[in-house]
Amino acid sequence: QPLRRRAGFGYGYLAGLGFFVPLLPWIGVYVGPLPWLALAAAEAVFVGAFGALAMHLRALRAAPLWIAAAWSLTEYLRATVPFGGFPWGRLAFGQPDGVFAALAAVGGAPLVSFAVALTGTGLAAAALALARRARPRPGAPETARTTVLRAGAWAILAPLTALAVWPLLPDPGAGARTVTVAAIQGSVPRLGLDFNAQRKAVLDNHVARTRELAADVRAGTVAAPDVVIWPENASDIDPLRNPDAAADITAAAALIGAPILVGAVLLNGDGTTTNSVIVWGPQSGPGEQHDKRIIQPFGEYLPYRSFFRLFSEYADRAGHFVPGDGDGAVTAAGIPIGVATCYEVAFDRAFRDSIDAGAQLLAVPTNTATFGDTEMT
């Protein structure tokens with residue numbers, strides 16, 4: 001058994017590399033291949049652990065169920081440790097439109113991942129049972145037939161459950177209120193880590209696009225928005241410390257006649273920064289804000305900076321961001337809005353806290369300019 005578990009880990013680790021290496025090249029687009037390959041190698045450990053668990057569980061009754069549960073466990077661990085986890089590439093993220101998506105209303109991404117895994121383990125068990133039945137042992141044909149049927153039942157259990165849940169979901173149009181949201185994409189003067197090298201250029205783009213929208217509203221060609229949402233880092237300078245930026249944002253909000261959710265990097269007194277979304281009113285100016293709570297290690301901050309800087313000249317390009325401590329919800333125009341900024345959206349806990357805080361609209365402001373034209377965008 002120990003030898004088989006080691007083999008399971010080895011095959012699992014190779015499978016993990018086969019998945020993560022082509023999934024994550026955007027990590028190294030501007031900083032070289034070392035961070036990309038190091039992250040892929042680290043994440044593959046979790047798939048290796050799954051392989052070892054699968055070898056241990058495969059002889060149990062209801063093995064497809066237990067092996068799918070093992071996959072869910074390793075996905076959970078991967079989304080939790082180290083440094084807060086890295087949940088990219090979960091099975092659930094491949095099911096935005098399929099029948100399994102219905103299960104998200106019941107158990108979120110973890111249940112969707114488990115359903116996909118159970119379908120896969122059931123199909124694998126059925127294929128193995130059919131192969132064994134094609135080469136039956138003397139005196140055991142009924143056992144082989146029963147095994148095939150049992151494995152097939154595991155394979156169809158999750159899709160049938162999802163189909164049963166689907167009619168019970170609320171009608172998306174059954175709400176008591178309609179909210180009109182304007183999402184502004186102002187773009188950047190250049191892609192890459194220096195997207196904000198030209199002072200105020202990114203902010204000016206978003207102000208200009210908001211002014212264009214205001215003109216369209218006055219002309220009656222589009223509906224007036226209740227709230228306007230700008231992306232992460234839409235203000236490339238701190239609007240709480242730069243009066244010219246604050247004046248431009250206030251003027252844009254006044255023209256459009258609605259509060260703007262402004263993404264900005266705010267400088268703290270101790271030299272650290274927060275990645276924030278500020279509710280900016282037409283008359284009141286800056287109000288409530290969401291400070292990004294789940295920040296990206298080796299990007300927005302660098303753990304063990306003195307150690308990791310030994311391996312890459314790009315280490316010191318990592319930021320000095322600190323996480324916020326709110327509940328992920330802000331209120332604009334009387335609308336409770338849940339905010340998960342970019343990287344946060346991959347984590348279950350981000351929007352769960354927002355919903356618990358009463359959010360009725362979810363927003364994911366993001367900046368992909370720092371990853372160029374890669375698959376990340």
# chains A, B, ... in the order shown; residues from 1 in each chain; ligands from 1
call {"tool": "residues_around", "arguments": {"residues": "Pro365 (chain A)", "least_positions_apart": "2", "cutoff": "9 Å", "atoms": "only C-alpha atoms", "output": "PyMOL selection string"}}
result
chain A and resi 229-233+263+277+339-342+363+367
call {"tool": "write_last_selection", "arguments": {"atoms": "all heavy atoms", "output": "compact mmCIF listing (two decimals), in the first residue's frame"}}
result
# COMPACT_ATOMS: atom_id res chain seq x y z
N ILE A 229 -20.00 51.95 -12.25
CA ILE A 229 -18.90 51.17 -11.69
C ILE A 229 -17.68 51.30 -12.59
O ILE A 229 -17.75 51.01 -13.79
CB ILE A 229 -19.29 49.69 -11.53
CG1 ILE A 229 -20.51 49.57 -10.61
CG2 ILE A 229 -18.13 48.88 -10.97
CD1 ILE A 229 -21.02 48.16 -10.43
N TRP A 230 -16.60 51.77 -12.01
CA TRP A 230 -15.30 51.82 -12.69
C TRP A 230 -14.47 50.61 -12.28
O TRP A 230 -14.71 50.01 -11.23
CB TRP A 230 -14.55 53.08 -12.31
CG TRP A 230 -15.07 54.35 -12.92
CD1 TRP A 230 -16.15 54.50 -13.73
CD2 TRP A 230 -14.51 55.66 -12.75
NE1 TRP A 230 -16.32 55.80 -14.08
CE2 TRP A 230 -15.32 56.56 -13.49
CE3 TRP A 230 -13.43 56.17 -12.05
CZ2 TRP A 230 -15.06 57.93 -13.55
CZ3 TRP A 230 -13.16 57.53 -12.10
CH2 TRP A 230 -13.98 58.40 -12.85
N PRO A 231 -13.45 50.26 -13.06
CA PRO A 231 -12.64 49.09 -12.73
C PRO A 231 -11.68 49.33 -11.56
O PRO A 231 -11.52 50.45 -11.08
CB PRO A 231 -11.85 48.81 -14.01
CG PRO A 231 -12.45 49.68 -15.06
CD PRO A 231 -13.09 50.82 -14.36
N GLU A 232 -11.04 48.27 -11.15
CA GLU A 232 -9.91 48.33 -10.22
C GLU A 232 -8.84 49.26 -10.82
O GLU A 232 -8.58 49.23 -12.02
CB GLU A 232 -9.35 46.92 -10.05
CG GLU A 232 -8.10 46.81 -9.21
CD GLU A 232 -7.49 45.41 -9.27
OE1 GLU A 232 -7.70 44.72 -10.30
OE2 GLU A 232 -6.83 45.02 -8.31
N ASN A 233 -8.22 50.10 -9.99
CA ASN A 233 -7.14 50.99 -10.42
C ASN A 233 -7.58 52.00 -11.48
O ASN A 233 -6.73 52.52 -12.22
CB ASN A 233 -5.93 50.22 -10.96
CG ASN A 233 -5.37 49.17 -10.01
OD1 ASN A 233 -4.78 48.21 -10.44
ND2 ASN A 233 -5.56 49.35 -8.71
N GLY A 263 -12.29 52.56 -8.45
CA GLY A 263 -11.16 51.74 -8.04
C GLY A 263 -9.91 52.59 -7.97
O GLY A 263 -9.59 53.32 -8.91
N VAL A 277 -12.06 50.33 -3.42
CA VAL A 277 -13.16 50.80 -4.26
C VAL A 277 -13.95 51.78 -3.40
O VAL A 277 -14.47 51.42 -2.34
CB VAL A 277 -14.06 49.62 -4.72
CG1 VAL A 277 -15.31 50.16 -5.41
CG2 VAL A 277 -13.28 48.71 -5.66
N VAL A 339 -18.64 43.75 -3.26
CA VAL A 339 -17.48 43.99 -4.12
C VAL A 339 -16.43 42.92 -3.85
O VAL A 339 -16.04 42.68 -2.70
CB VAL A 339 -16.87 45.38 -3.88
CG1 VAL A 339 -15.67 45.61 -4.80
CG2 VAL A 339 -17.91 46.48 -4.09
N ALA A 340 -15.98 42.26 -4.91
CA ALA A 340 -14.82 41.37 -4.85
C ALA A 340 -13.86 41.87 -5.92
O ALA A 340 -14.14 41.77 -7.11
CB ALA A 340 -15.21 39.92 -5.10
N THR A 341 -12.75 42.44 -5.49
CA THR A 341 -11.84 43.08 -6.44
C THR A 341 -10.92 42.04 -7.07
O THR A 341 -10.10 41.44 -6.38
CB THR A 341 -11.02 44.17 -5.73
OG1 THR A 341 -11.91 45.11 -5.13
CG2 THR A 341 -10.12 44.89 -6.72
N CYS A 342 -11.07 41.83 -8.36
CA CYS A 342 -10.18 41.00 -9.17
C CYS A 342 -9.92 39.64 -8.54
O CYS A 342 -10.78 38.78 -8.51
CB CYS A 342 -8.88 41.79 -9.43
SG CYS A 342 -7.89 41.16 -10.81
N ALA A 363 -20.37 43.12 -7.77
CA ALA A 363 -19.48 43.78 -8.72
C ALA A 363 -18.08 43.19 -8.58
O ALA A 363 -17.60 42.97 -7.47
CB ALA A 363 -19.44 45.28 -8.47
N ASN A 367 -8.45 44.75 -12.95
CA ASN A 367 -7.45 45.35 -13.83
C ASN A 367 -6.61 44.22 -14.41
O ASN A 367 -5.85 43.58 -13.69
CB ASN A 367 -6.56 46.32 -13.03
CG ASN A 367 -5.24 46.60 -13.73
OD1 ASN A 367 -5.14 46.50 -14.95
ND2 ASN A 367 -4.23 46.93 -12.96
call {"tool": "residues_around", "arguments": {"residues": "region 308-324 of chain A", "least_positions_apart": "4", "cutoff": "8 Å", "atoms": "only C-alpha atoms", "output": "mmCIF file with N, CA, C and O atoms, in the first residue's frame"}}
result
data_model
loop_
_atom_site.group_PDB
_atom_site.id
_atom_site.type_symbol
_atom_site.label_atom_id
_atom_site.label_comp_id
_atom_site.auth_asym_id
_atom_site.auth_seq_id
_atom_site.Cartn_x
_atom_site.Cartn_y
_atom_site.Cartn_z
ATOM 1 N N VAL A 31 7.641 38.877 -15.882
ATOM 2 C CA VAL A 31 8.655 38.646 -14.839
ATOM 3 C C VAL A 31 9.459 37.381 -15.085
ATOM 4 O O VAL A 31 10.233 36.959 -14.223
ATOM 5 N N GLY A 271 3.301 54.027 4.705
ATOM 6 C CA GLY A 271 3.966 53.648 3.459
ATOM 7 C C GLY A 271 3.345 52.456 2.772
ATOM 8 O O GLY A 271 3.707 52.142 1.633
ATOM 9 N N THR A 272 2.417 51.767 3.427
ATOM 10 C CA THR A 272 1.696 50.667 2.774
ATOM 11 C C THR A 272 0.564 51.232 1.928
ATOM 12 O O THR A 272 0.262 52.435 1.973
ATOM 13 N N THR A 273 -0.056 50.370 1.140
ATOM 14 C CA THR A 273 -1.156 50.790 0.276
ATOM 15 C C THR A 273 -2.340 49.842 0.442
ATOM 16 O O THR A 273 -2.186 48.696 0.876
ATOM 17 N N THR A 274 -3.517 50.330 0.085
ATOM 18 C CA THR A 274 -4.711 49.482 0.019
ATOM 19 C C THR A 274 -5.307 49.590 -1.381
ATOM 20 O O THR A 274 -5.294 50.659 -1.988
ATOM 21 N N ASN A 275 -5.793 48.473 -1.869
ATOM 22 C CA ASN A 275 -6.468 48.421 -3.159
ATOM 23 C C ASN A 275 -7.954 48.602 -2.870
ATOM 24 O O ASN A 275 -8.602 47.693 -2.352
ATOM 25 N N HIS A 290 -14.546 49.835 -0.026
ATOM 26 C CA HIS A 290 -14.149 48.437 0.169
ATOM 27 C C HIS A 290 -12.653 48.355 -0.051
ATOM 28 O O HIS A 290 -12.150 48.681 -1.132
ATOM 29 N N ASP A 291 -11.925 47.945 0.964
ATOM 30 C CA ASP A 291 -10.491 47.706 0.829
ATOM 31 C C ASP A 291 -10.300 46.217 0.563
ATOM 32 O O ASP A 291 -10.744 45.378 1.351
ATOM 33 N N LYS A 292 -9.670 45.906 -0.541
ATOM 34 C CA LYS A 292 -9.478 44.511 -0.955
ATOM 35 C C LYS A 292 -8.942 43.686 0.219
ATOM 36 O O LYS A 292 -7.896 44.006 0.794
ATOM 37 N N ARG A 293 -9.646 42.611 0.543
ATOM 38 C CA ARG A 293 -9.299 41.830 1.737
ATOM 39 C C ARG A 293 -8.391 40.646 1.419
ATOM 40 O O ARG A 293 -7.600 40.227 2.256
ATOM 41 N N ILE A 294 -8.541 40.080 0.226
ATOM 42 C CA ILE A 294 -7.730 38.918 -0.160
ATOM 43 C C ILE A 294 -6.737 39.414 -1.209
ATOM 44 O O ILE A 294 -7.090 39.592 -2.372
ATOM 45 N N ILE A 295 -5.519 39.672 -0.784
ATOM 46 C CA ILE A 295 -4.533 40.273 -1.686
ATOM 47 C C ILE A 295 -3.580 39.196 -2.192
ATOM 48 O O ILE A 295 -3.364 38.168 -1.562
ATOM 49 N N PHE A 298 3.106 37.625 -3.721
ATOM 50 C CA PHE A 298 4.104 37.706 -4.780
ATOM 51 C C PHE A 298 3.698 38.689 -5.887
ATOM 52 O O PHE A 298 4.344 38.754 -6.914
ATOM 53 N N GLY A 299 2.619 39.415 -5.664
ATOM 54 C CA GLY A 299 2.200 40.442 -6.613
ATOM 55 C C GLY A 299 1.905 41.725 -5.861
ATOM 56 O O GLY A 299 2.644 42.702 -5.923
ATOM 57 N N GLU A 300 0.803 41.701 -5.118
ATOM 58 C CA GLU A 300 0.436 42.872 -4.330
ATOM 59 C C GLU A 300 1.266 42.980 -3.054
ATOM 60 O O GLU A 300 1.390 44.060 -2.475
ATOM 61 N N TYR A 301 1.757 41.854 -2.601
ATOM 62 C CA TYR A 301 2.719 41.888 -1.496
ATOM 63 C C TYR A 301 3.655 40.700 -1.645
ATOM 64 O O TYR A 301 3.350 39.738 -2.370
ATOM 65 N N LEU A 302 4.780 40.752 -0.962
ATOM 66 C CA LEU A 302 5.764 39.676 -1.058
ATOM 67 C C LEU A 302 6.035 39.115 0.336
ATOM 68 O O LEU A 302 6.651 39.780 1.169
ATOM 69 N N PRO A 303 5.574 37.897 0.604
ATOM 70 C CA PRO A 303 5.910 37.294 1.897
ATOM 71 C C PRO A 303 7.400 36.945 1.948
ATOM 72 O O PRO A 303 7.991 36.595 0.928
ATOM 73 N N TYR A 304 7.972 37.054 3.128
ATOM 74 C CA TYR A 304 9.401 36.750 3.311
ATOM 75 C C TYR A 304 10.245 37.451 2.235
ATOM 76 O O TYR A 304 11.044 36.833 1.539
#
call {"tool": "atom_distance", "arguments": {"atom1": "CA of Pro25 (chain A)", "atom2": "CA of Ala40 (chain A)"}}
result
9.1 Å
call {"tool": "atom_distance", "arguments": {"atom1": "CA of Val227 (chain A)", "atom2": "CA of Ala174 (chain A)"}}
result
21.0 Å
call {"tool": "atom_distance", "arguments": {"atom1": "CA of Leu240 (chain A)", "atom2": "CA of Gln185 (chain A)"}}
result
21.7 Å
call {"tool": "residues_around", "arguments": {"residues": "region 244-255 of chain A", "least_positions_apart": "3", "cutoff": "9 Å", "atoms": "only C-alpha atoms", "output": "PyMOL selection string"}}
result
chain A and resi 200+203-204+207-208+210-211+214-215+228+235+237-241+258-260+262+280-286
call {"tool": "select_by_dssp", "arguments": {"residues": "region 142-310 of chain A", "states": "alpha helix (DSSP H)", "output": "PyMOL selection string"}}
result
chain A and resi 142-165+201-219+243-256+305-308
call {"tool": "closest_residue", "arguments": {"among": "A:Arg4, A:Phe86, A:Ala369, A:Phe46", "to": "Arg190 (chain A)", "atoms": "only C-alpha atoms"}}
result
A:Ala369
call {"tool": "closest_residue", "arguments": {"among": "A:Leu60, A:Ala332, A:Val106, A:Leu111", "to": "Glu75 (chain A)", "atoms": "only C-alpha atoms"}}
result
A:Leu111
call {"tool": "residues_around", "arguments": {"residues": "region 155-159 of chain A", "least_positions_apart": "5", "cutoff": "8 Å", "atoms": "only C-alpha atoms", "output": "MDAnalysis selection string"}}
result
chainID A and resid 99:100 115:116 118:123
call {"tool": "residues_around", "arguments": {"residues": "Glu212 (chain A)", "least_positions_apart": "4", "cutoff": "12 Å", "atoms": "only C-alpha atoms", "output": "list of chain:residue names"}}
result
A:Ala182, A:Ile184, A:Gln185, A:Gly186, A:Asn205, A:His206, A:Val207, A:Ala208, A:Asp216, A:Val217, A:Arg218, A:Ala219, A:Thr221, A:Val222, A:Ala252, A:Leu255, A:Ile256
call {"tool": "write_last_selection", "arguments": {"atoms": "N, CA, C and O atoms", "output": "mmCIF file, in the first residue's frame"}}
result
data_model
loop_
_atom_site.group_PDB
_atom_site.id
_atom_site.type_symbol
_atom_site.label_atom_id
_atom_site.label_comp_id
_atom_site.auth_asym_id
_atom_site.auth_seq_id
_atom_site.Cartn_x
_atom_site.Cartn_y
_atom_site.Cartn_z
ATOM 1 N N ALA A 182 -24.164 51.233 -14.994
ATOM 2 C CA ALA A 182 -23.248 51.564 -16.082
ATOM 3 C C ALA A 182 -21.856 51.069 -15.708
ATOM 4 O O ALA A 182 -21.313 51.466 -14.676
ATOM 5 N N ILE A 184 -18.075 51.132 -16.774
ATOM 6 C CA ILE A 184 -17.181 51.947 -17.602
ATOM 7 C C ILE A 184 -15.857 51.221 -17.824
ATOM 8 O O ILE A 184 -15.235 50.741 -16.880
ATOM 9 N N GLN A 185 -15.445 51.140 -19.077
ATOM 10 C CA GLN A 185 -14.124 50.586 -19.402
ATOM 11 C C GLN A 185 -13.338 51.662 -20.136
ATOM 12 O O GLN A 185 -13.520 51.877 -21.338
ATOM 13 N N GLY A 186 -12.472 52.341 -19.410
ATOM 14 C CA GLY A 186 -11.740 53.451 -19.999
ATOM 15 C C GLY A 186 -10.443 53.062 -20.663
ATOM 16 O O GLY A 186 -9.891 53.815 -21.447
ATOM 17 N N ASN A 205 -8.946 58.748 -18.842
ATOM 18 C CA ASN A 205 -9.703 57.895 -19.768
ATOM 19 C C ASN A 205 -11.083 57.560 -19.211
ATOM 20 O O ASN A 205 -12.090 57.577 -19.936
ATOM 21 N N HIS A 206 -11.144 57.233 -17.920
ATOM 22 C CA HIS A 206 -12.427 56.844 -17.330
ATOM 23 C C HIS A 206 -13.351 58.042 -17.135
ATOM 24 O O HIS A 206 -14.571 57.922 -17.292
ATOM 25 N N VAL A 207 -12.776 59.182 -16.809
ATOM 26 C CA VAL A 207 -13.586 60.397 -16.720
ATOM 27 C C VAL A 207 -14.173 60.733 -18.092
ATOM 28 O O VAL A 207 -15.370 61.046 -18.223
ATOM 29 N N ALA A 208 -13.348 60.652 -19.130
ATOM 30 C CA ALA A 208 -13.823 60.976 -20.481
ATOM 31 C C ALA A 208 -14.939 60.038 -20.916
ATOM 32 O O ALA A 208 -15.938 60.481 -21.503
ATOM 33 N N ASP A 216 -24.777 60.864 -23.723
ATOM 34 C CA ASP A 216 -25.749 59.925 -24.304
ATOM 35 C C ASP A 216 -27.041 59.899 -23.489
ATOM 36 O O ASP A 216 -28.141 59.791 -24.047
ATOM 37 N N VAL A 217 -26.911 59.986 -22.159
ATOM 38 C CA VAL A 217 -28.105 60.015 -21.293
ATOM 39 C C VAL A 217 -28.916 61.264 -21.576
ATOM 40 O O VAL A 217 -30.151 61.212 -21.723
ATOM 41 N N ARG A 218 -28.239 62.414 -21.672
ATOM 42 C CA ARG A 218 -28.948 63.672 -21.948
ATOM 43 C C ARG A 218 -29.625 63.635 -23.315
ATOM 44 O O ARG A 218 -30.702 64.212 -23.507
ATOM 45 N N ALA A 219 -28.992 62.928 -24.251
ATOM 46 C CA ALA A 219 -29.585 62.829 -25.590
ATOM 47 C C ALA A 219 -30.723 61.821 -25.650
ATOM 48 O O ALA A 219 -31.421 61.727 -26.661
ATOM 49 N N THR A 221 -30.432 58.538 -25.620
ATOM 50 C CA THR A 221 -30.111 57.313 -26.357
ATOM 51 C C THR A 221 -29.840 56.125 -25.430
ATOM 52 O O THR A 221 -29.896 54.971 -25.866
ATOM 53 N N VAL A 222 -29.528 56.400 -24.161
ATOM 54 C CA VAL A 222 -29.350 55.319 -23.178
ATOM 55 C C VAL A 222 -30.049 55.723 -21.887
ATOM 56 O O VAL A 222 -30.294 56.914 -21.637
ATOM 57 N N ALA A 252 -17.396 64.236 -12.878
ATOM 58 C CA ALA A 252 -17.966 63.147 -13.677
ATOM 59 C C ALA A 252 -19.218 62.591 -13.019
ATOM 60 O O ALA A 252 -20.227 62.322 -13.693
ATOM 61 N N LEU A 255 -22.057 65.044 -13.561
ATOM 62 C CA LEU A 255 -22.578 65.006 -14.934
ATOM 63 C C LEU A 255 -23.485 63.810 -15.159
ATOM 64 O O LEU A 255 -24.527 63.925 -15.797
ATOM 65 N N ILE A 256 -23.087 62.638 -14.649
ATOM 66 C CA ILE A 256 -23.879 61.440 -14.879
ATOM 67 C C ILE A 256 -25.047 61.352 -13.900
ATOM 68 O O ILE A 256 -26.003 60.594 -14.111
#
call {"tool": "select_by_dssp", "arguments": {"residues": "region 77-326 of chain A", "states": "strand (DSSP E)", "output": "MDAnalysis selection string"}}
result
chainID A and resid 181:183 227:229 260:267 273:281 285:291
call {"tool": "closest_residue", "arguments": {"among": "A:Ala79, A:Thr180, A:Arg133, A:Ala117", "to": "Arg349 (chain A)", "atoms": "only C-alpha atoms"}}
result
A:Ala79
call {"tool": "closest_residue", "arguments": {"among": "A:Leu73, A:Leu3, A:Leu23, A:Leu267", "to": "Glu375 (chain A)", "atoms": "only C-alpha atoms"}}
result
A:Leu23
